[in-house]
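Shown next: data.pdb, containing PDB, C-alpha atoms, pLDDT in the B column.
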ATOM      1  CA  MET A   1       0.000   0.000   0.000  1.00 57.00           C
ATOM      2  CA  VAL A   2       2.926   2.292   0.590  1.00 58.00           C
ATOM      3  CA  ASP A   3       3.634   2.192  -3.149  1.00 66.00           C
ATOM      4  CA  VAL A   4       0.108   3.520  -3.849  1.00 75.00           C
ATOM      5  CA  LEU A   5       0.055   6.163  -1.129  1.00 85.00           C
ATOM      6  CA  GLY A   6       3.799   6.834  -1.050  1.00 81.00           C
ATOM      7  CA  GLY A   7       4.714  10.487  -1.409  1.00 88.00           C
ATOM      8  CA  ARG A   8       1.304  11.519  -0.084  1.00 92.00           C
ATOM      9  CA  ARG A   9       0.360  12.992   3.224  1.00 95.00           C
ATOM     10  CA  LEU A  10      -2.441  11.621   5.323  1.00 96.00           C
ATOM     11  CA  VAL A  11      -4.464  13.503   7.901  1.00 96.00           C
ATOM     12  CA  THR A  12      -5.317  12.466  11.451  1.00 94.00           C
ATOM     13  CA  ARG A  13      -8.714  12.950  13.087  1.00 91.00           C
ATOM     14  CA  GLU A  14      -7.210  15.986  14.840  1.00 91.00           C
ATOM     15  CA  GLY A  15      -6.081  17.510  11.524  1.00 92.00           C
ATOM     16  CA  ALA A  16      -2.333  16.841  11.741  1.00 95.00           C
ATOM     17  CA  LEU A  17      -0.566  15.776   8.541  1.00 96.00           C
ATOM     18  CA  VAL A  18       1.665  12.682   8.499  1.00 96.00           C
ATOM     19  CA  GLU A  19       3.769  11.139   5.771  1.00 95.00           C
ATOM     20  CA  ALA A  20       2.027   8.053   4.373  1.00 94.00           C
ATOM     21  CA  GLU A  21       5.257   6.115   3.865  1.00 92.00           C
ATOM     22  CA  ALA A  22       6.253   6.410   7.510  1.00 91.00           C
ATOM     23  CA  ALA A  23       2.765   5.783   8.884  1.00 91.00           C
ATOM     24  CA  LEU A  24       2.027   2.709   6.728  1.00 91.00           C
ATOM     25  CA  GLN A  25       5.435   1.008   6.629  1.00 87.00           C
ATOM     26  CA  ASN A  26       5.137  -2.777   7.215  1.00 85.00           C
ATOM     27  CA  LYS A  27       1.408  -2.609   7.988  1.00 87.00           C
ATOM     28  CA  VAL A  28      -1.729  -4.210   6.663  1.00 87.00           C
ATOM     29  CA  VAL A  29      -3.780  -1.263   5.403  1.00 88.00           C
ATOM     30  CA  ALA A  30      -7.563  -1.153   5.195  1.00 87.00           C
ATOM     31  CA  LEU A  31      -9.045   1.499   2.928  1.00 87.00           C
ATOM     32  CA  TYR A  32     -12.416   2.539   4.315  1.00 90.00           C
ATOM     33  CA  PHE A  33     -14.811   4.279   1.907  1.00 87.00           C
ATOM     34  CA  ALA A  34     -17.666   6.047   3.685  1.00 90.00           C
ATOM     35  CA  ALA A  35     -19.556   9.327   4.113  1.00 90.00           C
ATOM     36  CA  GLY A  36     -21.219  10.953   7.093  1.00 91.00           C
ATOM     37  CA  ARG A  37     -24.467  11.479   5.157  1.00 91.00           C
ATOM     38  CA  CYS A  38     -24.853   7.721   4.650  1.00 88.00           C
ATOM     39  CA  GLY A  39     -26.864   5.925   7.342  1.00 89.00           C
ATOM     40  CA  ILE A  40     -25.066   2.645   6.710  1.00 88.00           C
ATOM     41  CA  SER A  41     -21.708   4.396   7.166  1.00 88.00           C
ATOM     42  CA  ARG A  42     -22.878   6.047  10.397  1.00 90.00           C
ATOM     43  CA  ASP A  43     -24.016   2.642  11.691  1.00 91.00           C
ATOM     44  CA  PHE A  44     -20.878   0.745  10.628  1.00 91.00           C
ATOM     45  CA  THR A  45     -18.193   3.290  11.586  1.00 91.00           C
ATOM     46  CA  PRO A  46     -18.550   2.804  15.390  1.00 92.00           C
ATOM     47  CA  LEU A  47     -18.124  -0.960  14.859  1.00 91.00           C
ATOM     48  CA  LEU A  48     -14.954  -0.355  12.844  1.00 90.00           C
ATOM     49  CA  CYS A  49     -13.773   2.077  15.511  1.00 91.00           C
ATOM     50  CA  ASP A  50     -14.235  -0.538  18.249  1.00 91.00           C
ATOM     51  CA  PHE A  51     -12.454  -3.189  16.150  1.00 89.00           C
ATOM     52  CA  TYR A  52      -9.559  -0.852  15.330  1.00 89.00           C
ATOM     53  CA  THR A  53      -9.172   0.287  18.935  1.00 89.00           C
ATOM     54  CA  ALA A  54      -9.113  -3.289  20.237  1.00 89.00           C
ATOM     55  CA  LEU A  55      -6.731  -4.551  17.553  1.00 86.00           C
ATOM     56  CA  VAL A  56      -4.281  -1.676  17.870  1.00 84.00           C
ATOM     57  CA  GLY A  57      -4.520  -1.735  21.676  1.00 85.00           C
ATOM     58  CA  GLU A  58      -3.536  -5.406  21.803  1.00 85.00           C
ATOM     59  CA  ALA A  59      -0.702  -5.129  19.291  1.00 78.00           C
ATOM     60  CA  ARG A  60       2.925  -4.513  20.063  1.00 79.00           C
ATOM     61  CA  ARG A  61       3.984  -1.007  18.986  1.00 78.00           C
ATOM     62  CA  PRO A  62       3.897  -0.012  16.259  1.00 74.00           C
ATOM     63  CA  ALA A  63       0.635  -1.831  15.513  1.00 78.00           C
ATOM     64  CA  PRO A  64       0.837  -3.772  12.210  1.00 85.00           C
ATOM     65  CA  PHE A  65      -2.581  -2.522  11.061  1.00 87.00           C
ATOM     66  CA  GLU A  66      -3.887   0.840   9.878  1.00 90.00           C
ATOM     67  CA  VAL A  67      -7.171   2.183   8.525  1.00 92.00           C
ATOM     68  CA  VAL A  68      -7.072   4.899   5.874  1.00 93.00           C
ATOM     69  CA  PHE A  69     -10.414   6.654   5.439  1.00 93.00           C
ATOM     70  CA  VAL A  70     -11.339   7.634   1.887  1.00 91.00           C
ATOM     71  CA  SER A  71     -14.160  10.126   2.224  1.00 91.00           C
ATOM     72  CA  ALA A  72     -17.125  10.207  -0.107  1.00 89.00           C
ATOM     73  CA  ASP A  73     -18.433  13.286   1.684  1.00 92.00           C
ATOM     74  CA  ARG A  74     -19.481  16.311  -0.391  1.00 92.00           C
ATOM     75  CA  SER A  75     -17.130  18.785   1.283  1.00 94.00           C
ATOM     76  CA  ALA A  76     -14.007  18.985   3.398  1.00 94.00           C
ATOM     77  CA  GLN A  77     -16.137  20.280   6.286  1.00 95.00           C
ATOM     78  CA  GLU A  78     -18.485  17.263   6.092  1.00 95.00           C
ATOM     79  CA  MET A  79     -15.433  14.992   6.114  1.00 94.00           C
ATOM     80  CA  ARG A  80     -13.926  16.740   9.173  1.00 94.00           C
ATOM     81  CA  ASP A  81     -17.267  16.622  11.018  1.00 95.00           C
ATOM     82  CA  PHE A  82     -17.727  12.902  10.317  1.00 94.00           C
ATOM     83  CA  MET A  83     -14.155  12.155  11.397  1.00 94.00           C
ATOM     84  CA  ARG A  84     -14.480  14.111  14.646  1.00 93.00           C
ATOM     85  CA  GLN A  85     -17.882  12.662  15.524  1.00 92.00           C
ATOM     86  CA  GLN A  86     -17.368   8.965  14.820  1.00 91.00           C
ATOM     87  CA  HIS A  87     -13.918   7.969  13.658  1.00 90.00           C
ATOM     88  CA  GLY A  88     -11.243   6.101  15.487  1.00 87.00           C
ATOM     89  CA  ALA A  89      -7.665   7.315  15.698  1.00 88.00           C
ATOM     90  CA  TRP A  90      -7.000   6.256  12.113  1.00 90.00           C
ATOM     91  CA  LEU A  91      -5.760   8.207   9.124  1.00 95.00           C
ATOM     92  CA  ALA A  92      -7.478   9.677   6.073  1.00 96.00           C
ATOM     93  CA  LEU A  93      -6.646  10.914   2.631  1.00 95.00           C
ATOM     94  CA  PRO A  94      -7.110  14.700   2.664  1.00 95.00           C
ATOM     95  CA  PHE A  95     -10.355  15.784   0.998  1.00 93.00           C
ATOM     96  CA  HIS A  96      -8.615  17.589  -1.861  1.00 93.00           C
ATOM     97  CA  ASP A  97      -6.129  14.784  -2.598  1.00 92.00           C
ATOM     98  CA  PRO A  98      -6.435  13.778  -6.285  1.00 89.00           C
ATOM     99  CA  TYR A  99      -6.156  10.066  -5.391  1.00 85.00           C
ATOM    100  CA  ARG A 100      -9.167  10.356  -3.057  1.00 86.00           C
ATOM    101  CA  GLN A 101     -11.152  12.012  -5.818  1.00 78.00           C
ATOM    102  CA  ARG A 102     -10.134   9.328  -8.332  1.00 79.00           C
ATOM    103  CA  CYS A 103     -11.043   6.510  -5.925  1.00 75.00           C
ATOM    104  CA  CYS A 104     -14.474   7.952  -5.208  1.00 69.00           C
ATOM    105  CA  HIS A 105     -15.286   8.142  -8.914  1.00 65.00           C
ATOM    106  CA  GLN A 106     -14.479   4.520  -9.731  1.00 62.00           C
ATOM    107  CA  PRO A 107     -17.807   2.801 -10.479  1.00 50.00           C
ATOM    108  CA  ARG A 108     -17.008  -0.340  -8.476  1.00 50.00           C
ATOM    109  CA  TRP A 109     -16.367   1.742  -5.354  1.00 46.00           C
ATOM    110  CA  HIS A 110     -19.533   3.861  -5.424  1.00 44.00           C
ATOM    111  CA  THR A 111     -21.109   1.749  -2.692  1.00 46.00           C
ATOM    112  CA  LEU A 112     -20.429   3.498   0.579  1.00 45.00           C
ATOM    113  CA  ARG A 113     -19.054   1.562   3.542  1.00 46.00           C
ATOM    114  CA  HIS A 114     -16.716  -0.245   1.245  1.00 48.00           C
ATOM    115  CA  GLY A 115     -13.462  -1.545   2.591  1.00 50.00           C
ATOM    116  CA  ARG A 116     -10.336  -3.064   1.124  1.00 50.00           C
ATOM    117  CA  ALA A 117      -7.465  -4.491   3.134  1.00 47.00           C
ATOM    118  CA  PHE A 118      -3.978  -4.740   1.659  1.00 46.00           C
ATOM    119  CA  GLY A 119      -0.968  -6.623   2.947  1.00 47.00           C
ATOM    120  CA  GLY A 120       2.656  -6.201   1.970  1.00 47.00           C
ATOM    121  CA  GLY A 121       3.238  -5.894  -1.759  1.00 47.00           C
ATOM    122  CA  ARG A 122      -0.343  -4.631  -2.331  1.00 44.00           C
ATOM    123  CA  THR A 123      -1.851  -8.082  -1.815  1.00 43.00           C
ATOM    124  CA  ASN A 124      -5.627  -7.642  -1.686  1.00 43.00           C
ATOM    125  CA  LEU A 125      -6.566  -9.478   1.510  1.00 40.00           C
ATOM    126  CA  HIS A 126     -10.295  -8.756   1.579  1.00 43.00           C
ATOM    127  CA  THR A 127     -12.920  -6.738  -0.232  1.00 43.00           C
ATOM    128  CA  ASP A 128     -16.321  -5.972   1.283  1.00 47.00           C
ATOM    129  CA  GLN A 129     -18.872  -4.883  -1.278  1.00 44.00           C
ATOM    130  CA  THR A 130     -22.034  -5.253   0.781  1.00 41.00           C
TER     131      THR A 130
END

Reformat the file's structure so that it appears as structure tokens.
Amino acid sequence: MVDVLGGRRLVTREGALVEAEAALQNKVVALYFAAGRCGISRDFTPLLCDFYTALVGEARRPAPFEVVFVSADRSAQEMRDFMRQQHGAWLALPFHDPYRQRCCHQPRWHTLRHGRAFGGGRTNLHTDQT
């Protein structure tokens, strides 16, 4: 996943920018596609938050797992509000990042609450399209 997001910055729930390469090095990465306006996303996000918190809390530092939120919200403000209200301490592609915009316009990823997990070497570990 680092080869896809390498050279990009990711944003934390608090708004701090981090280098993707450093944050995702040697980790399984789950891309989480969602939007605050979507009821399914609002219902699922707390479950993902609980899972992430438990998994990262049990892992030896640094935890070998990371979620990267790819927002399908309509504005940067909607994205920030959704992240502050419901998200775990995971990372996100900034709203204006061209890769985020490209991902959200791929027809197969238009279903919100879509996740993809990648292992080392961009191995697709799981895709949820429900």

Evaluated on this file, the PyMOL selection byres ((chain A and resi 61-67) around 9) picks out some residues - which ones are they, written as an MDAnalysis selection string? chainID A and resid 23:32 52 55:60 68:69 88:92 117

Which residue, A:Met83, A:Val11, A:Ala16, A:Cys103, has the smallest gap to Ala35 of chain A when you use only C-alpha atoms?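 Comparing A:Met83, A:Val11, A:Ala16, A:Cys103 against Ala35 of chain A, the winner is A:Met83.
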
Tell me which of A:Asp73, A:Glu19, A:Glu14, A:Asp50 sits closest to Gly36 of chain A, counting all atoms listed in the file. A:Asp73

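From atom CA of Ala20 of chain A back to atom CA of Gly39 of chain A, the distance works out to 29.1 Å.
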
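A straight line drawn from atom CA of Leu93 of chain A to atom CA of Thr12 of chain A is 9.1 Å long.
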
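Comparing the minimum interatomic distances between Ser75 of chain A and each of A:Ala34, A:Thr45, A:Phe95, A:Gly6, counting all atoms listed in the file, we find that A:Phe95 sits nearest.
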
Atom-to-atom span, atom CA of His96 of chain A and atom CA of Arg37 of chain A, Å: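 Straight-line distance from atom CA of His96 of chain A to atom CA of Arg37 of chain A works out to 18.4 Å.
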
Looking at only C-alpha atoms, which of A:Leu10, A:Leu17, A:Leu47, A:Ala22 is the one that sits closest to Val70 of chain A?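 Looking only at the distances to Val70 of chain A, the closest residue turns out to be A:Leu10.
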
Nearest residue to Leu5 of chain A from the set A:Cys49, A:Val18, A:Ala54, A:Cys38 (distances using all atoms listed in the file):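 Counting all atoms listed in the file, the residue closest to Leu5 of chain A is A:Val18.
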
Considering all atoms listed in the file, state which residue in the set A:Pro94, A:Gln101, A:Leu48, A:Arg42 is at the smallest distance from Phe82 of chain A.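 For Phe82 of chain A, the nearest of the candidates is A:Arg42.
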
Will you give me segment 68-85 of chain A, written with N, CA and C atoms and laid out as a PDB file, in the first residue's frame?
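What landed in part.pdb:
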ATOM      1  N   VAL A  68      -7.152   3.623   6.583  1.00  0.00           N
ATOM      2  CA  VAL A  68      -7.072   4.899   5.874  1.00  0.00           C
ATOM      3  C   VAL A  68      -8.468   5.185   5.337  1.00  0.00           C
ATOM      4  N   PHE A  69      -9.078   6.237   5.837  1.00  0.00           N
ATOM      5  CA  PHE A  69     -10.414   6.654   5.439  1.00  0.00           C
ATOM      6  C   PHE A  69     -10.347   7.381   4.103  1.00  0.00           C
ATOM      7  N   VAL A  70     -11.200   6.969   3.180  1.00  0.00           N
ATOM      8  CA  VAL A  70     -11.339   7.634   1.887  1.00  0.00           C
ATOM      9  C   VAL A  70     -12.757   8.196   1.874  1.00  0.00           C
ATOM     10  N   SER A  71     -12.864   9.486   2.055  1.00  0.00           N
ATOM     11  CA  SER A  71     -14.160  10.126   2.224  1.00  0.00           C
ATOM     12  C   SER A  71     -14.922  10.251   0.911  1.00  0.00           C
ATOM     13  N   ALA A  72     -16.206   9.943   1.004  1.00  0.00           N
ATOM     14  CA  ALA A  72     -17.125  10.207  -0.107  1.00  0.00           C
ATOM     15  C   ALA A  72     -18.057  11.353   0.281  1.00  0.00           C
ATOM     16  N   ASP A  73     -17.645  12.134   1.272  1.00  0.00           N
ATOM     17  CA  ASP A  73     -18.433  13.286   1.684  1.00  0.00           C
ATOM     18  C   ASP A  73     -18.399  14.345   0.592  1.00  0.00           C
ATOM     19  N   ARG A  74     -19.341  15.293   0.659  1.00  0.00           N
ATOM     20  CA  ARG A  74     -19.481  16.311  -0.391  1.00  0.00           C
ATOM     21  C   ARG A  74     -18.566  17.512  -0.188  1.00  0.00           C
ATOM     22  N   SER A  75     -18.010  17.641   1.020  1.00  0.00           N
ATOM     23  CA  SER A  75     -17.130  18.785   1.283  1.00  0.00           C
ATOM     24  C   SER A  75     -16.096  18.397   2.328  1.00  0.00           C
ATOM     25  N   ALA A  76     -15.048  19.208   2.393  1.00  0.00           N
ATOM     26  CA  ALA A  76     -14.007  18.985   3.398  1.00  0.00           C
ATOM     27  C   ALA A  76     -14.585  19.154   4.802  1.00  0.00           C
ATOM     28  N   GLN A  77     -15.521  20.073   4.969  1.00  0.00           N
ATOM     29  CA  GLN A  77     -16.137  20.280   6.286  1.00  0.00           C
ATOM     30  C   GLN A  77     -16.960  19.061   6.700  1.00  0.00           C
ATOM     31  N   GLU A  78     -17.737  18.482   5.772  1.00  0.00           N
ATOM     32  CA  GLU A  78     -18.485  17.263   6.092  1.00  0.00           C
ATOM     33  C   GLU A  78     -17.539  16.145   6.497  1.00  0.00           C
ATOM     34  N   MET A  79     -16.421  16.022   5.798  1.00  0.00           N
ATOM     35  CA  MET A  79     -15.433  14.992   6.114  1.00  0.00           C
ATOM     36  C   MET A  79     -14.882  15.209   7.522  1.00  0.00           C
ATOM     37  N   ARG A  80     -14.470  16.442   7.835  1.00  0.00           N
ATOM     38  CA  ARG A  80     -13.926  16.740   9.173  1.00  0.00           C
ATOM     39  C   ARG A  80     -14.955  16.454  10.259  1.00  0.00           C
ATOM     40  N   ASP A  81     -16.221  16.849  10.023  1.00  0.00           N
ATOM     41  CA  ASP A  81     -17.267  16.622  11.018  1.00  0.00           C
ATOM     42  C   ASP A  81     -17.469  15.129  11.270  1.00  0.00           C
ATOM     43  N   PHE A  82     -17.542  14.353  10.195  1.00  0.00           N
ATOM     44  CA  PHE A  82     -17.727  12.902  10.317  1.00  0.00           C
ATOM     45  C   PHE A  82     -16.554  12.275  11.061  1.00  0.00           C
ATOM     46  N   MET A  83     -15.340  12.695  10.731  1.00  0.00           N
ATOM     47  CA  MET A  83     -14.155  12.155  11.397  1.00  0.00           C
ATOM     48  C   MET A  83     -14.170  12.491  12.896  1.00  0.00           C
ATOM     49  N   ARG A  84     -14.485  13.703  13.236  1.00  0.00           N
ATOM     50  CA  ARG A  84     -14.480  14.111  14.646  1.00  0.00           C
ATOM     51  C   ARG A  84     -15.586  13.438  15.451  1.00  0.00           C
ATOM     52  N   GLN A  85     -16.735  13.222  14.811  1.00  0.00           N
ATOM     53  CA  GLN A  85     -17.882  12.662  15.524  1.00  0.00           C
ATOM     54  C   GLN A  85     -17.785  11.156  15.722  1.00  0.00           C
TER      55      GLN A  85
END
